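So this one's my_file_10.pdb, PDB, C-alpha atoms:
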ATOM      1  CA  MET B  24      54.809  51.342  10.233
ATOM      2  CA  GLN B  25      58.067  51.594   8.297
ATOM      3  CA  LEU B  26      60.605  48.832   7.927
ATOM      4  CA  ARG B  27      64.081  49.613   9.207
ATOM      5  CA  PHE B  28      66.810  49.247   6.599
ATOM      6  CA  TYR B  29      67.768  45.718   7.681
ATOM      7  CA  GLN B  30      64.116  44.641   7.865
ATOM      8  CA  GLN B  31      63.699  45.854   4.284
ATOM      9  CA  GLU B  32      66.832  43.939   3.283
ATOM     10  CA  ALA B  33      65.471  40.781   4.933
ATOM     11  CA  TYR B  34      62.099  41.246   3.217
ATOM     12  CA  ASP B  35      63.718  41.789  -0.188
ATOM     13  CA  ALA B  36      65.955  38.752   0.301
ATOM     14  CA  ALA B  37      62.970  36.582   1.219
ATOM     15  CA  ILE B  38      60.921  37.688  -1.794
ATOM     16  CA  ALA B  39      63.849  37.111  -4.168
ATOM     17  CA  SER B  40      64.464  33.674  -2.679
ATOM     18  CA  LEU B  41      60.798  32.667  -2.889
ATOM     19  CA  GLU B  42      60.534  33.883  -6.478
ATOM     20  CA  ALA B  43      63.548  31.710  -7.292
ATOM     21  CA  GLU B  44      61.595  28.772  -5.791
ATOM     22  CA  HIS B  45      63.746  28.492  -2.689
ATOM     23  CA  HIS B  46      62.629  28.079   0.916
ATOM     24  CA  PRO B  47      64.633  30.731   2.778
ATOM     25  CA  VAL B  48      65.785  31.164   6.358
ATOM     26  CA  LEU B  49      65.914  34.716   7.739
ATOM     27  CA  GLN B  50      68.195  35.006  10.770
ATOM     28  CA  LEU B  51      67.590  38.111  12.877
ATOM     29  CA  ALA B  52      68.808  38.746  16.393
ATOM     30  CA  THR B  53      66.205  38.648  19.146
ATOM     31  CA  GLY B  54      64.731  42.101  19.643
ATOM     32  CA  THR B  55      65.266  43.361  16.097
ATOM     33  CA  GLY B  56      61.650  43.042  14.976
ATOM     34  CA  LYS B  57      60.992  39.785  13.138
ATOM     35  CA  SER B  58      57.245  40.347  13.521
ATOM     36  CA  LEU B  59      57.331  43.388  11.225
ATOM     37  CA  ILE B  60      59.119  41.438   8.494
ATOM     38  CA  ILE B  61      56.514  38.704   8.858
ATOM     39  CA  ALA B  62      53.785  41.332   8.498
ATOM     40  CA  ALA B  63      55.328  42.753   5.337
ATOM     41  CA  LEU B  64      55.696  39.315   3.734
ATOM     42  CA  ALA B  65      52.147  38.305   4.651
ATOM     43  CA  GLU B  66      50.713  41.557   3.309
ATOM     44  CA  HIS B  67      52.634  41.201   0.043
ATOM     45  CA  TYR B  68      50.964  37.838  -0.518
ATOM     46  CA  ARG B  69      47.533  39.030   0.636
ATOM     47  CA  GLN B  70      47.544  41.854  -1.881
ATOM     48  CA  THR B  71      47.774  39.293  -4.664
ATOM     49  CA  ASP B  72      45.100  37.141  -3.006
ATOM     50  CA  ARG B  73      47.522  34.414  -1.943
ATOM     51  CA  ARG B  74      46.878  32.753   1.397
ATOM     52  CA  VAL B  75      49.456  32.899   4.178
ATOM     53  CA  TRP B  76      49.769  30.907   7.386
ATOM     54  CA  VAL B  77      52.104  32.197  10.086
ATOM     55  CA  LEU B  78      52.786  29.404  12.562
ATOM     56  CA  THR B  79      54.585  29.252  15.882
ATOM     57  CA  HIS B  80      54.497  27.207  19.070
ATOM     58  CA  VAL B  81      53.116  29.592  21.719
ATOM     59  CA  GLN B  82      50.052  31.776  22.141
ATOM     60  CA  GLN B  83      52.024  34.902  23.067
ATOM     61  CA  LEU B  84      53.853  34.935  19.717
ATOM     62  CA  VAL B  85      50.564  34.474  17.861
ATOM     63  CA  GLU B  86      49.143  37.520  19.647
ATOM     64  CA  GLN B  87      52.261  39.610  19.068
ATOM     65  CA  ASN B  88      52.660  38.743  15.397
ATOM     66  CA  ALA B  89      48.959  39.151  14.614
ATOM     67  CA  ALA B  90      48.835  42.553  16.344
ATOM     68  CA  THR B  91      51.892  43.744  14.404
ATOM     69  CA  TYR B  92      50.338  42.592  11.134
ATOM     70  CA  GLU B  93      47.102  44.438  11.848
ATOM     71  CA  ARG B  94      48.990  47.654  12.712
ATOM     72  CA  TYR B  95      51.096  47.315   9.571
ATOM     73  CA  SER B  96      48.343  46.433   7.100
ATOM     74  CA  GLY B  97      45.181  47.808   8.666
ATOM     75  CA  VAL B  98      43.609  44.394   8.093
ATOM     76  CA  ALA B  99      42.488  42.076  10.903
ATOM     77  CA  PRO B 100      43.985  38.605  10.281
ATOM     78  CA  GLY B 101      42.530  35.257  11.129
ATOM     79  CA  ILE B 102      43.712  33.492  14.282
ATOM     80  CA  VAL B 103      43.825  29.755  14.934
ATOM     81  CA  CYS B 104      44.763  29.262  18.579
ATOM     82  CA  ALA B 105      42.883  27.249  21.189
ATOM     83  CA  GLY B 106      44.328  29.377  24.007
ATOM     84  CA  LEU B 107      42.816  32.501  22.429
ATOM     85  CA  LYS B 108      39.548  30.665  21.743
ATOM     86  CA  ARG B 109      39.817  31.435  18.020
ATOM     87  CA  LYS B 110      39.608  29.065  15.071
ATOM     88  CA  ASP B 111      39.121  31.386  12.092
ATOM     89  CA  ARG B 112      39.011  29.565   8.777
ATOM     90  CA  GLU B 113      38.246  32.108   6.054
ATOM     91  CA  GLU B 114      40.852  34.902   6.213
ATOM     92  CA  VAL B 115      43.610  35.186   3.624
ATOM     93  CA  VAL B 116      46.254  35.722   6.339
ATOM     94  CA  THR B 117      46.077  33.478   9.395
ATOM     95  CA  PHE B 118      48.262  33.400  12.516
ATOM     96  CA  GLY B 119      48.164  30.250  14.598
ATOM     97  CA  THR B 120      49.811  27.790  16.921
ATOM     98  CA  ILE B 121      51.001  24.636  15.227
ATOM     99  CA  GLN B 122      49.097  22.539  17.773
ATOM    100  CA  THR B 123      45.693  24.055  16.935
ATOM    101  CA  MET B 124      46.358  24.325  13.205
ATOM    102  CA  LEU B 125      46.746  20.551  13.017
ATOM    103  CA  ASN B 126      43.114  20.168  14.039
ATOM    104  CA  VAL B 127      41.736  22.900  11.781
ATOM    105  CA  GLN B 128      43.798  22.697   8.583
ATOM    106  CA  VAL B 129      41.494  20.253   6.808
ATOM    107  CA  GLU B 130      38.699  22.854   7.045
ATOM    108  CA  MET B 131      40.811  25.612   5.462
ATOM    109  CA  LYS B 132      41.907  26.367   1.925
ATOM    110  CA  PRO B 133      45.553  25.414   1.322
ATOM    111  CA  PRO B 134      48.160  28.136   1.922
ATOM    112  CA  HIS B 135      50.438  29.567  -0.739
ATOM    113  CA  LEU B 136      53.037  30.553   1.874
ATOM    114  CA  ILE B 137      53.857  29.163   5.316
ATOM    115  CA  ILE B 138      55.971  31.367   7.598
ATOM    116  CA  ILE B 139      57.322  29.745  10.747
ATOM    117  CA  ASP B 140      58.433  31.921  13.647
ATOM    118  CA  GLU B 141      61.038  30.425  15.999
ATOM    119  CA  ALA B 142      61.789  27.974  13.192
ATOM    120  CA  HIS B 143      64.726  26.384  15.023
ATOM    121  CA  ARG B 144      62.014  24.331  16.714
ATOM    122  CA  VAL B 145      61.183  22.585  13.426
ATOM    123  CA  PRO B 146      62.783  19.108  13.413
ATOM    124  CA  HIS B 147      64.594  17.928  10.305
ATOM    125  CA  ASN B 148      62.507  15.929   7.869
ATOM    126  CA  ARG B 149      63.259  12.364   8.918
ATOM    127  CA  GLY B 150      59.892  10.878   7.970
ATOM    128  CA  GLU B 151      58.775  10.971  11.599
ATOM    129  CA  ARG B 152      55.406  12.525  12.383
ATOM    130  CA  SER B 153      56.232  15.708  14.258
ATOM    131  CA  LEU B 154      53.752  18.577  14.579
ATOM    132  CA  TYR B 155      55.441  20.699  11.927
ATOM    133  CA  GLU B 156      56.110  17.755   9.625
ATOM    134  CA  SER B 157      52.393  16.964   9.617
ATOM    135  CA  VAL B 158      51.635  20.417   8.190
ATOM    136  CA  LEU B 159      54.674  20.991   5.968
ATOM    137  CA  SER B 160      54.456  17.591   4.274
ATOM    138  CA  ARG B 161      50.767  18.173   3.529
ATOM    139  CA  TYR B 162      51.448  21.442   1.686
ATOM    140  CA  ARG B 163      54.722  20.776  -0.117
ATOM    141  CA  SER B 164      53.819  23.122  -2.987
ATOM    142  CA  ALA B 165      53.547  26.110  -0.609
ATOM    143  CA  GLY B 166      56.476  28.461  -0.146
ATOM    144  CA  ARG B 167      58.239  28.219   3.212
ATOM    145  CA  VAL B 168      60.029  30.932   5.197
ATOM    146  CA  ALA B 169      61.871  30.305   8.455
ATOM    147  CA  MET B 170      62.279  33.140  10.961
ATOM    148  CA  THR B 171      64.746  32.634  13.795
ATOM    149  CA  ALA B 172      67.591  34.172  15.746
ATOM    150  CA  THR B 173      69.405  30.822  15.845
ATOM    151  CA  PRO B 174      69.193  28.818  12.575
ATOM    152  CA  TRP B 175      70.431  25.554  14.044
ATOM    153  CA  ARG B 176      69.294  22.744  16.313
ATOM    154  CA  MET B 177      71.246  21.118  19.130
ATOM    155  CA  ASP B 178      70.385  17.647  17.795
ATOM    156  CA  ASN B 179      70.971  18.031  14.048
ATOM    157  CA  GLY B 180      72.860  21.272  13.423
ATOM    158  CA  VAL B 181      71.789  23.927  10.907
ATOM    159  CA  ILE B 182      68.153  23.965   9.799
ATOM    160  CA  HIS B 183      68.860  24.699   6.119
ATOM    161  CA  GLY B 184      70.741  22.919   3.357
ATOM    162  CA  GLU B 185      70.443  20.657   0.354
ATOM    163  CA  GLY B 186      68.635  17.364   0.623
ATOM    164  CA  ASP B 187      65.217  16.057   1.575
ATOM    165  CA  GLN B 188      66.016  16.204   5.289
ATOM    166  CA  PHE B 189      65.808  20.005   5.209
ATOM    167  CA  TRP B 190      62.557  21.964   5.062
ATOM    168  CA  PHE B 191      64.539  25.129   4.203
ATOM    169  CA  ASP B 192      67.287  25.278   1.620
ATOM    170  CA  GLN B 193      69.197  28.530   2.067
ATOM    171  CA  LEU B 194      70.117  31.221   4.549
ATOM    172  CA  ALA B 195      68.831  34.224   2.625
ATOM    173  CA  TYR B 196      69.638  36.910   5.182
ATOM    174  CA  SER B 197      71.451  37.300   8.501
ATOM    175  CA  TYR B 198      71.389  40.232  10.927
ATOM    176  CA  THR B 199      73.363  39.350  14.027
ATOM    177  CA  VAL B 200      73.636  40.794  17.528
ATOM    178  CA  PRO B 201      77.004  42.513  16.868
ATOM    179  CA  ARG B 202      75.598  44.226  13.770
ATOM    180  CA  ALA B 203      72.465  45.320  15.604
ATOM    181  CA  VAL B 204      74.529  46.727  18.472
ATOM    182  CA  GLU B 205      76.840  48.521  16.032
ATOM    183  CA  ASP B 206      73.835  50.014  14.211
ATOM    184  CA  GLY B 207      72.300  51.165  17.484
ATOM    185  CA  TYR B 208      69.222  48.930  17.416
ATOM    186  CA  LEU B 209      70.285  46.764  20.361
ATOM    187  CA  CYS B 210      71.947  47.856  23.589
ATOM    188  CA  PRO B 211      75.375  46.344  24.218
ATOM    189  CA  LEU B 212      75.544  43.861  27.066
ATOM    190  CA  VAL B 213      76.872  45.517  30.204
ATOM    191  CA  GLY B 214      77.782  43.438  33.240
ATOM    192  CA  VAL B 215      77.351  44.749  36.765
ATOM    193  CA  GLU B 216      78.980  43.315  39.865
ATOM    194  CA  THR B 217      77.824  43.643  43.426
ATOM    195  CA  THR B 218      80.277  44.358  46.199
ATOM    196  CA  VAL B 219      78.729  41.498  48.180
ATOM    197  CA  GLN B 220      80.364  38.098  47.791
ATOM    198  CA  LEU B 221      78.460  34.839  47.752
ATOM    199  CA  ASP B 222      77.564  33.472  51.173
ATOM    200  CA  LEU B 223      75.738  30.180  51.054
ATOM    201  CA  GLU B 224      74.625  30.399  54.684
ATOM    202  CA  GLY B 225      70.977  31.471  54.746
ATOM    203  CA  VAL B 226      69.711  34.379  52.626
ATOM    204  CA  VAL B 227      72.050  37.127  53.868
ATOM    205  CA  TRP B 228      73.786  37.257  50.489
ATOM    206  CA  LEU B 229      70.503  37.370  48.564
ATOM    207  CA  ARG B 230      69.175  40.201  50.715
ATOM    208  CA  ALA B 231      72.347  42.220  50.185
ATOM    209  CA  VAL B 232      72.166  41.713  46.434
ATOM    210  CA  ALA B 233      68.468  42.661  46.434
ATOM    211  CA  ARG B 234      69.229  45.906  48.256
ATOM    212  CA  SER B 235      71.817  46.783  45.588
ATOM    213  CA  LEU B 236      69.402  46.314  42.684
ATOM    214  CA  PRO B 237      67.809  49.809  42.641
ATOM    215  CA  GLU B 238      71.210  51.436  42.166
ATOM    216  CA  LEU B 239      72.489  48.860  39.681
ATOM    217  CA  THR B 240      69.329  49.016  37.545
ATOM    218  CA  ALA B 241      68.420  52.685  37.922
ATOM    219  CA  ALA B 242      68.160  53.168  34.143
ATOM    220  CA  ARG B 243      65.788  50.218  33.657
ATOM    221  CA  LYS B 244      61.997  50.127  33.682
ATOM    222  CA  HIS B 245      61.825  46.355  34.112
ATOM    223  CA  ILE B 246      64.282  43.627  35.015
ATOM    224  CA  ALA B 247      64.250  39.851  34.722
ATOM    225  CA  VAL B 248      66.129  37.607  37.141
ATOM    226  CA  TYR B 249      67.019  34.109  35.970
ATOM    227  CA  CYS B 250      67.271  31.413  38.634
ATOM    228  CA  PRO B 251      68.373  27.760  38.502
ATOM    229  CA  THR B 252      65.259  26.292  40.161
ATOM    230  CA  ILE B 253      61.666  27.255  40.888
ATOM    231  CA  ASP B 254      62.389  27.300  44.634
ATOM    232  CA  ALA B 255      65.280  29.701  44.035
ATOM    233  CA  ALA B 256      63.062  31.925  41.865
ATOM    234  CA  GLU B 257      60.310  32.043  44.470
ATOM    235  CA  ARG B 258      62.818  32.891  47.219
ATOM    236  CA  ALA B 259      64.440  35.586  45.047
ATOM    237  CA  ALA B 260      61.071  37.144  44.189
ATOM    238  CA  GLU B 261      60.087  37.288  47.856
ATOM    239  CA  VAL B 262      63.380  38.763  49.050
ATOM    240  CA  ILE B 263      63.544  41.346  46.253
ATOM    241  CA  ALA B 264      59.994  42.458  47.009
ATOM    242  CA  VAL B 265      60.753  42.849  50.707
ATOM    243  CA  GLU B 266      64.086  44.632  50.280
ATOM    244  CA  THR B 267      63.109  46.972  47.413
ATOM    245  CA  GLY B 268      59.345  47.384  47.638
ATOM    246  CA  TRP B 269      59.064  46.380  43.995
ATOM    247  CA  VAL B 270      56.276  44.205  42.613
ATOM    248  CA  THR B 271      57.704  40.834  41.616
ATOM    249  CA  ASP B 272      56.318  37.699  40.028
ATOM    250  CA  VAL B 273      57.602  34.238  39.159
ATOM    251  CA  MET B 274      57.426  32.785  35.647
ATOM    252  CA  ALA B 275      57.894  29.023  35.467
ATOM    253  CA  GLY B 276      56.731  26.062  33.453
ATOM    254  CA  THR B 277      54.432  25.007  36.287
ATOM    255  CA  ILE B 278      52.057  27.977  36.009
ATOM    256  CA  THR B 279      48.947  27.871  33.835
ATOM    257  CA  ARG B 280      48.627  29.519  30.433
ATOM    258  CA  ASP B 281      46.239  32.137  31.862
ATOM    259  CA  GLU B 282      48.621  32.902  34.729
ATOM    260  CA  ARG B 283      51.492  33.306  32.280
ATOM    261  CA  SER B 284      49.467  35.636  30.038
ATOM    262  CA  ASP B 285      48.353  37.742  32.992
ATOM    263  CA  SER B 286      51.893  37.978  34.355
ATOM    264  CA  LEU B 287      53.295  39.054  30.978
ATOM    265  CA  ARG B 288      50.497  41.609  30.559
ATOM    266  CA  ARG B 289      51.235  43.167  33.932
ATOM    267  CA  PHE B 290      54.991  43.112  33.248
ATOM    268  CA  LYS B 291      54.567  44.948  29.929
ATOM    269  CA  SER B 292      52.103  47.495  31.347
ATOM    270  CA  GLY B 293      54.393  48.375  34.241
ATOM    271  CA  GLU B 294      52.102  47.036  36.961
TER
END

Represent the structure of the file as structure tokens.
Amino acid sequence: MQLRFYQQEAYDAAIASLEAEHHPVLQLATGTGKSLIIAALAEHYRQTDRRVWVLTHVQQLVEQNAATYERYSGVAPGIVCAGLKRKDREEVVTFGTIQTMLNVQVEMKPPHLIIIDEAHRVPHNRGERSLYESVLSRYRSAGRVAMTATPWRMDNGVIHGEGDQFWFDQLAYSYTVPRAVEDGYLCPLVGVETTVQLDLEGVVWLRAVARSLPELTAARKHIAVYCPTIDAAERAAEVIAVETGWVTDVMAGTITRDERSDSLRRFKSGE
């Protein structure tokens, strides 16, 4: 697997920042391949026998990042994730959920580098015991790299800066949506409009919109429909299935982890 030019730039920026004893943030637009940059950084450290932990908040990202690392390096990493029924403790490179790592970290050798994916979820260091604070404060001598598409929080603003409240101290690289579109690595957003106007009486409007979907999305293999409530999502899924013959499913916070994993698997496979 080869790094694209901007992935190589992000990797180089991270290494330079770490060697200068900084804790960098790498901002890359969603869909531009953060997992491959993570793999390259982890492998760089592994080759010099330095331990790496790659942490995130959900099982699906652990699976994705670990699989990319194995394809990139040819080495099977450790995984610490209760949902995957894995608590590996010996590997040099380990991918895990922050929730499970909290319970296993005392049984592992300390990391030299901690990479956090979706790092905008890391609260500022306010001395309060958050999940990430419990790990980061324990291994203050380890390097830290933040990976995110949005390097800021709604509650406290940017996630990097000077001062003890920040776990990361500089934005080392940024590759935004406009740049990725210009370079041809992301498709530009294109809006489509149905000829049917909103009618709040019954589901006539929804049925008409559903019937227009095959034409509007002819160039797509999959589509996602975002709805304001679970009831609306379930109604939309049912109507779309009836009107188009497509297989639909509903993803919501109320489904179980296994149901979510199975739904995502079937979505990606084309089922």

Near-range 39-48 of chain B list (9 Å; all atoms listed in the file; drop same-chain fewer than 3 positions) as a count of residues only: 21

Any chance you could work out the axis-aligned box around range 29-39 of chain B, listed atoms only, 4 Å on each side, giving centre and edge lengths in Å to one decimal, as JSON?
{"center_x": 64.3, "center_y": 41.2, "center_z": 1.8, "size_x": 14.8, "size_y": 17.3, "size_z": 20.0}

Picked residues, the PyMOL selection byres ((chain B and resi 138) around 7), expected as an MDAnalysis selection string: chainID B and resid 76:78 136:137 139:140 167:169

Result set, the PyMOL selection byres ((chain B and resi 119) around 10) on current file, as number ranges by chain: B: 76-82, 84-86, 88-89, 101-105, 107, 109-111, 117-118, 120-125, 139

Pairwise distance for CA of Val200 in chain B and CA of Thr173 in chain B, rounded to one decimal in Å: 11.0 Å

Selection near range 285-289 of chain B, 9 Å with all atoms listed in the file, sequence-local residues under 5 positions removed, as number ranges by chain: B: 272-274, 280, 294

d(CA of Ala233 in chain B, CA of Ile263 in chain B) in Å: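 Computing the Euclidean distance for CA of Ala233 in chain B and CA of Ile263 in chain B yields 5.1 Å.
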
Residues within 10 Å of Asp187 in chain B, only C-alpha atoms, excluding chain neighbours under 2 positions, as a list in words: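 Near neighbours after the sequence-gap exclusion: His147, Asn148, Arg149, Gly150, Gly184, Glu185, Phe189, Trp190, Phe191 and Asp192 of chain B.
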
Atom-to-atom span, CA of Gly54 in chain B and CA of Thr277 in chain B, Å: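 Distance reported for this atom pair: 26.0 Å.
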
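Residue nearest Ala52 in chain B within the list B:Arg112, B:Arg94, B:His143, B:Arg202: B:Arg202 [criterion: smallest interatomic distance, all atoms listed in the file].
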